[in-house]
$ cat input_29.cif   # mmCIF, C-alpha atoms
data_query
#
loop_
_atom_site.label_atom_id
_atom_site.label_comp_id
_atom_site.auth_asym_id
_atom_site.auth_seq_id
_atom_site.Cartn_x
_atom_site.Cartn_y
_atom_site.Cartn_z
CA MET U 1 59.23 61.50 -163.98
CA ILE U 2 62.64 62.57 -165.26
CA LEU U 3 61.58 66.10 -166.17
CA THR U 4 59.59 66.55 -162.97
CA ASN U 5 62.51 65.40 -160.80
CA TYR U 6 64.96 67.62 -162.69
CA ILE U 7 62.80 70.73 -162.31
CA VAL U 8 62.00 70.07 -158.63
CA GLN U 9 65.67 69.44 -157.83
CA SER U 10 66.66 72.65 -159.62
CA ILE U 11 64.07 74.69 -157.73
CA VAL U 12 65.02 73.21 -154.35
CA CYS U 13 68.76 73.66 -154.89
CA THR U 14 68.50 77.22 -156.18
CA PHE U 15 66.32 78.09 -153.20
CA LEU U 16 68.86 76.57 -150.82
CA PHE U 17 72.01 78.05 -152.33
CA TYR U 18 71.17 81.31 -154.14
CA SER U 19 70.80 84.67 -152.43
CA TYR U 20 67.05 84.94 -153.09
CA GLY U 21 66.61 81.81 -150.97
CA LEU U 22 68.57 80.71 -147.94
CA GLY U 23 71.96 81.67 -149.42
CA TYR U 24 73.93 78.63 -148.23
CA TYR U 25 76.41 78.77 -151.13
CA GLY U 26 79.91 78.88 -149.64
CA HIS U 27 78.63 78.49 -146.08
CA ILE U 28 78.34 74.72 -145.76
CA SER U 29 80.99 72.03 -145.59
CA ILE U 30 81.41 69.16 -148.04
CA VAL U 31 79.87 66.73 -145.56
CA GLU U 32 76.83 68.98 -145.09
CA GLY U 33 76.51 69.32 -148.85
CA LEU U 34 76.62 65.56 -149.31
CA ALA U 35 74.02 65.15 -146.56
CA ILE U 36 71.72 67.68 -148.25
CA ALA U 37 72.19 65.92 -151.60
CA GLY U 38 71.42 62.56 -150.00
CA ILE U 39 68.26 63.90 -148.41
CA ILE U 40 67.08 65.47 -151.67
CA ILE U 41 67.73 62.26 -153.61
CA PHE U 42 66.00 60.11 -150.97
CA VAL U 43 62.91 62.36 -150.91
CA GLN U 44 62.77 62.39 -154.72
CA LEU U 45 63.08 58.60 -154.91
CA LEU U 46 60.37 58.10 -152.31
CA GLY U 47 58.08 60.68 -153.92
CA SER U 48 58.65 59.26 -157.40
CA TRP U 49 57.97 55.72 -156.19
CA ILE U 50 54.69 56.78 -154.58
CA TRP U 51 53.65 58.87 -157.58
CA MET U 52 54.47 56.16 -160.12
CA SER U 53 52.54 53.57 -158.10
CA LEU U 54 49.43 55.74 -158.58
CA PHE U 55 49.96 57.28 -162.03
CA SER U 56 51.71 56.29 -165.25
CA ASP U 57 53.38 59.66 -165.95
CA GLY U 58 54.93 62.44 -163.91
CA PRO U 59 52.93 65.65 -163.46
CA LEU U 60 55.09 67.79 -165.77
CA GLU U 61 55.27 65.02 -168.37
CA LYS U 62 51.48 64.80 -168.29
CA LEU U 63 51.21 68.59 -168.63
CA ILE U 64 53.57 68.66 -171.62
CA ARG U 65 51.74 65.78 -173.29
CA TYR U 66 48.44 67.60 -172.80
CA ALA U 67 49.88 70.89 -174.15
CA THR U 68 51.38 69.11 -177.16
CA TYR U 69 48.62 66.72 -178.15
CA GLY U 70 45.59 68.24 -176.43
CA ARG U 71 45.00 65.06 -174.45
CA SER U 72 46.70 62.68 -172.08
CA ARG U 73 47.28 59.02 -172.77
#
$ encode --input "input_29.cif" --output "structure tokens"
Amino acid sequence: MILTNYIVQSIVCTFLFYSYGLGYYGHISIVEGLAIAGIIIFVQLLGSWIWMSLFSDGPLEKLIRYATYGRSR
């Protein structure tokens, strides 16, 4: 789940802060930034917990394993 969480967090944060998304960079306070970070981390923890209770690998990890070895576990 590490790779999946890293990629999802990168996509969400670039969408929030870069100009091709919402463009919040430089427009939010430190407290708002910490709140956004806390929400992102909480949602990722909850989503990872649910996913890992159903499957043994994250979706991107499973995709990479399939692309590398031609099969999953």
$ atom_distance --input "input_29.cif" --atom1 "atom CA of U:Leu22" --atom2 "atom CA of U:Ile2"
25.8 Å
$ residues_near_point --input "input_29.cif" --point "(60.3, 57.8, -161.6)" --cutoff "7 Å" --atoms "all atoms listed in the file" --output "PyMOL selection string"
chain U and resi 1-2+48-49+52
$ resolve_selection --input "input_29.cif" --expression "the PyMOL selection byres ((chain U and resi 58) around 12)" --output "list in words"
Met1, Ile2, Leu3, Thr4, Asn5, Tyr6, Ile7, Val8, Gly47, Ser48, Trp49, Ile50, Trp51, Met52, Ser53, Leu54, Phe55, Ser56, Asp57, Pro59, Leu60, Glu61, Lys62, Leu63, Ile64, Arg65 and Ser72 of chain U
$ write_last_selection --input "input_29.cif" --atoms "C-alpha atoms" --output "mmCIF file, in the frame of the given file"
data_model
loop_
_atom_site.group_PDB
_atom_site.id
_atom_site.type_symbol
_atom_site.label_atom_id
_atom_site.label_comp_id
_atom_site.auth_asym_id
_atom_site.auth_seq_id
_atom_site.Cartn_x
_atom_site.Cartn_y
_atom_site.Cartn_z
ATOM 1 C CA MET U 1 59.230 61.500 -163.980
ATOM 2 C CA ILE U 2 62.640 62.570 -165.260
ATOM 3 C CA LEU U 3 61.580 66.100 -166.170
ATOM 4 C CA THR U 4 59.590 66.550 -162.970
ATOM 5 C CA ASN U 5 62.510 65.400 -160.800
ATOM 6 C CA TYR U 6 64.960 67.620 -162.690
ATOM 7 C CA ILE U 7 62.800 70.730 -162.310
ATOM 8 C CA VAL U 8 62.000 70.070 -158.630
ATOM 9 C CA GLY U 47 58.080 60.680 -153.920
ATOM 10 C CA SER U 48 58.650 59.260 -157.400
ATOM 11 C CA TRP U 49 57.970 55.720 -156.190
ATOM 12 C CA ILE U 50 54.690 56.780 -154.580
ATOM 13 C CA TRP U 51 53.650 58.870 -157.580
ATOM 14 C CA MET U 52 54.470 56.160 -160.120
ATOM 15 C CA SER U 53 52.540 53.570 -158.100
ATOM 16 C CA LEU U 54 49.430 55.740 -158.580
ATOM 17 C CA PHE U 55 49.960 57.280 -162.030
ATOM 18 C CA SER U 56 51.710 56.290 -165.250
ATOM 19 C CA ASP U 57 53.380 59.660 -165.950
ATOM 20 C CA PRO U 59 52.930 65.650 -163.460
ATOM 21 C CA LEU U 60 55.090 67.790 -165.770
ATOM 22 C CA GLU U 61 55.270 65.020 -168.370
ATOM 23 C CA LYS U 62 51.480 64.800 -168.290
ATOM 24 C CA LEU U 63 51.210 68.590 -168.630
ATOM 25 C CA ILE U 64 53.570 68.660 -171.620
ATOM 26 C CA ARG U 65 51.740 65.780 -173.290
ATOM 27 C CA SER U 72 46.700 62.680 -172.080
#
$ atom_distance --input "input_29.cif" --atom1 "atom CA of U:Gln44" --atom2 "atom CA of U:Val31"
19.9 Å
$ atom_distance --input "input_29.cif" --atom1 "atom CA of U:Tyr24" --atom2 "atom CA of U:Gln9"
15.6 Å
$ decode --input "input_29.cif" --residues "stretch 10-66 of chain U" --atoms "C-alpha atoms" --output "short mmCIF file (atom, residue, chain, number, x, y, z; two decimals), in the first residue's frame"
data_model
loop_
_atom_site.label_atom_id
_atom_site.label_comp_id
_atom_site.auth_asym_id
_atom_site.auth_seq_id
_atom_site.Cartn_x
_atom_site.Cartn_y
_atom_site.Cartn_z
CA SER U 10 0.86 13.24 -4.75
CA ILE U 11 -2.10 13.47 -7.13
CA VAL U 12 -4.42 14.96 -4.49
CA CYS U 13 -1.86 17.53 -3.31
CA THR U 14 -0.84 18.64 -6.79
CA PHE U 15 -4.50 19.05 -7.68
CA LEU U 16 -5.10 21.13 -4.57
CA PHE U 17 -2.04 23.36 -4.79
CA TYR U 18 -0.92 23.67 -8.43
CA SER U 19 -2.45 26.05 -10.95
CA TYR U 20 -3.99 23.28 -13.09
CA GLY U 21 -6.08 22.32 -10.06
CA LEU U 22 -7.53 24.55 -7.38
CA GLY U 23 -4.38 26.69 -7.05
CA TYR U 24 -4.35 26.99 -3.25
CA TYR U 25 -0.56 27.38 -3.04
CA GLY U 26 0.17 30.57 -1.10
CA HIS U 27 -3.51 31.20 -0.37
CA ILE U 28 -4.04 29.12 2.77
CA SER U 29 -2.78 29.58 6.31
CA ILE U 30 -0.59 27.15 8.23
CA VAL U 31 -3.57 25.98 10.26
CA GLU U 32 -5.60 25.32 7.11
CA GLY U 33 -2.65 23.46 5.61
CA LEU U 34 -2.32 21.29 8.70
CA ALA U 35 -6.06 20.60 8.62
CA ILE U 36 -5.88 19.56 4.96
CA ALA U 37 -2.89 17.32 5.72
CA GLY U 38 -4.74 15.75 8.64
CA ILE U 39 -7.79 15.06 6.51
CA ILE U 40 -5.70 13.52 3.73
CA ILE U 41 -3.82 11.30 6.19
CA PHE U 42 -7.03 10.22 7.94
CA VAL U 43 -8.75 9.34 4.65
CA GLN U 44 -5.67 7.41 3.48
CA LEU U 45 -5.44 5.49 6.77
CA LEU U 46 -9.13 4.61 6.67
CA GLY U 47 -9.01 3.64 3.00
CA SER U 48 -5.85 1.58 3.48
CA TRP U 49 -7.32 -0.21 6.48
CA ILE U 50 -10.47 -1.12 4.54
CA TRP U 51 -8.50 -2.17 1.45
CA MET U 52 -6.02 -4.29 3.40
CA SER U 53 -8.84 -6.04 5.26
CA LEU U 54 -10.12 -7.24 1.88
CA PHE U 55 -6.92 -7.72 -0.16
CA SER U 56 -3.30 -8.60 0.58
CA ASP U 57 -1.69 -5.98 -1.69
CA GLY U 58 -2.44 -2.43 -2.74
CA PRO U 59 -3.84 -1.85 -6.24
CA LEU U 60 -0.66 -0.34 -7.70
CA GLU U 61 1.52 -2.96 -6.02
CA LYS U 62 -0.67 -5.66 -7.55
CA LEU U 63 -0.43 -3.97 -10.96
CA ILE U 64 3.36 -3.74 -10.78
CA ARG U 65 3.64 -7.36 -9.67
CA TYR U 66 1.45 -8.43 -12.58
#
